[in-house]
Amino acid sequence: MKKILITGGAGFIGSHVVRLFVQQYPKYHIYNLDALTYAGNLENLKDIENAPNYTFIKGDIVEEDMINKLFDEYQFDAIIHLAAESHVDRSISDPLSFIRTNILGTVNLLNAAKAQWHGNYEGKLFYHISTDEVYGSLGATGLFTETTPYDPRSPYSSSKASSDHLVRAYYHTYGMPVVISNCSNNYGPNQFPEKLIPLAINNIKKMKPIPIYGKGENVRDWLYVIDHARAIDLIFHQGKNGETYNIGGINEWTNIDLIKKMCEVLDRKLDRPEGTCAGLITYVKDRAGHDMRYAIDSSKLMKELGWEPSLQFEEGIEKTIDWYLANETWMNNITDGSYESYYQKQYEER
Ligand code: NAD
Ligand code: DAU
């Protein structure tokens, strides 16, 4: 049985990847290593927690000795590495925790895999999940391709760029089999409500202001999270050693248009008079160093591996809103006292 270590599997994207692998590949054993930071939530995996091919391990990838012991004990065949500090705003106020987890944590995993595999790389793979933010910020036109030069601009994207470089360094220097994918903004169930879409749904529901940074003209390319998980599955099984694949939604929205669209849907779903939700839109101080536009060219993944997004945005956003409205307890459990006070402080500081 192939033993696959998935890191960060209790988080937003990781939980969808873990579920897909556990359900789709009974011949793999999936080990989910997660520190359960504020962003990790085992509720995300309740439905598969007793699956015979699934094991949860609580642990911090920054703890080198623990990581080495884990690799010794389980002898993993492959790693799908998603564990990270993932929120840009938090990286602006606390860069160091991003350096720790995203850079040091990645090096610990690479070293442990190198020591365990010991140059015998047959059937082995280190798959690093990364972001389009490593490419920097686009103007009104153009798309990020796999050959766009790296130009990260926030502590978050710099730490992810650094980890990408380290993964490539282990490929070139030690011959370790690796693949990297760089994805655009994900949305869907299980996303922590510090990110724009779940934050807006939560605030709208509670009739609280929806904070829009700056003029709301920044553009993001949104992809439904299950389509990201499907791409990860394809790249894991068919991606070429040493290659990078971009993953995007072909679905660009300015933040303000996205929020207005969501407001229309939510007026309807919450039985509110037209315009009620949009009345909550509040322009606030811009994010420092706010990247203007991200947009991804996924043609390599589409042509070489036959991937394409399965959901149109209209359907994806309806499903997403329905999920958050139906999962009030999930939202209430994570927006408890500590998050609520963190969020209030952030909001007031703007
Ligand atoms: P998330 O913040 O929802 O989840 C991160 C998970 O990692 C959490 O479960 C957390 O507990 C765990 N974690 C954090 N630090 C850890 C540590 N030191 N040791 C072990 N576990 C730790 O993040 P996400 O949005 O699901 O992103 C997952 C990955 O995908 C990240 O690497 C991120 O950079 C990348 N990514 C995210 C997006 C997006 O739109 N969310 C897009 C492209 C790439
Ligand atoms: O592009 C991929 C990246 O997408 C991932 O690598 C990151 O992990 C993920 O967090 C996401 O980064 P963004 O910074 O783009 O996502 P966020 O949801 O924080 O913000 C989306 C846009 O909305 C961005 O332009 C900032 C803006 N925004 C965000 C928040 C939280 C607001 O206007 N108001 C808000 O309250």
# chains A, B, ... in the order shown; residues from 1 in each chain; ligands from 1

$ residues_around --residues "A:Ile197" --least-positions-apart "4" --cutoff "9 Å" --atoms "only C-alpha atoms" --output "PyMOL selection string"
chain A and resi 187-188+191+193+201-202+258-259+262+321

$ residues_around --residues "stretch 146-150 of chain A" --least-positions-apart "5" --cutoff "10 Å" --atoms "only C-alpha atoms" --output "MDAnalysis selection string"
chainID A and resid 132:136 157:158 161:162 165 181:182 243:247 296:300

$ residues_near_ligand --ligand "ligand 1" --cutoff "6 Å" --atoms "only C-alpha atoms and all ligand atoms" --output "ChimeraX atom specification"
/A:8-14,34-37,39-40,59-62,82-86,101,129-131,183-186,191

$ residues_near_ligand --ligand "ligand 2" --cutoff "8 Å" --atoms "only C-alpha atoms and all ligand atoms" --output "count of residues only"
40

$ select_by_dssp --residues "stretch 76-308 of chain A" --states "alpha helix (DSSP H)" --output "PyMOL selection string"
chain A and resi 88-93+95-98+106-117+155-174+196-205+225-238+255-269+299-305

$ closest_residue --among "A:Asp77, A:Glu328, A:Glu274, A:Asp151" --to "A:Lys261" --atoms "only C-alpha atoms"
A:Glu274

$ atom_distance --atom1 "atom CA of A:Tyr28" --atom2 "atom CA of A:Pro189"
24.8 Å

$ atom_distance --atom1 "atom CA of A:Leu266" --atom2 "atom CA of A:Tyr324"
11.3 Å

$ select_by_dssp --residues "stretch 36-214 of chain A" --states "strand (DSSP E or B)" --output "list in words"
Tyr54, Thr55, Phe56, Ile57, Lys58, Ala78, Ile79, Ile80, His81, Leu125, Phe126, Tyr127, His128, Ile129, Ser130, Thr131, Phe144, Val178, Val179, Ile180, Ser181, Asn182, Cys183, Asn186, Tyr187, Ile210, Pro211, Ile212 and Tyr213 of chain A

$ closest_residue --among "A:Thr55, A:Lys69, A:Glu304, A:Asp47" --to "A:His16" --atoms "only C-alpha atoms"
A:Asp47

$ closest_residue --among "A:Lys208, A:Lys285, A:Lys2, A:Arg268" --to "A:His29" --atoms "only C-alpha atoms"
A:Lys2

$ residues_around --residues "stretch 115-126 of chain A" --least-positions-apart "5" --cutoff "6 Å" --atoms "only C-alpha atoms" --output "ChimeraX atom specification"
/A:77-79,177-178

$ write_last_selection --atoms "N, CA, C and O atoms" --output "compact mmCIF listing (two decimals), in the first residue's frame"
# COMPACT_ATOMS: atom_id res chain seq x y z
N ASP A 77 5.90 7.20 0.91
CA ASP A 77 6.27 7.10 -0.51
C ASP A 77 6.18 8.45 -1.20
O ASP A 77 6.88 8.69 -2.19
N ALA A 78 5.27 9.29 -0.71
CA ALA A 78 5.08 10.58 -1.37
C ALA A 78 4.57 11.60 -0.36
O ALA A 78 3.97 11.23 0.66
N ILE A 79 4.83 12.86 -0.67
CA ILE A 79 4.37 13.96 0.19
C ILE A 79 3.61 14.95 -0.68
O ILE A 79 4.08 15.32 -1.75
N PRO A 177 12.70 13.69 -6.81
CA PRO A 177 11.56 13.90 -7.71
C PRO A 177 10.57 14.89 -7.09
O PRO A 177 10.08 14.67 -5.98
N VAL A 178 10.30 15.97 -7.81
CA VAL A 178 9.39 17.00 -7.27
C VAL A 178 8.44 17.48 -8.36
O VAL A 178 8.76 17.41 -9.54
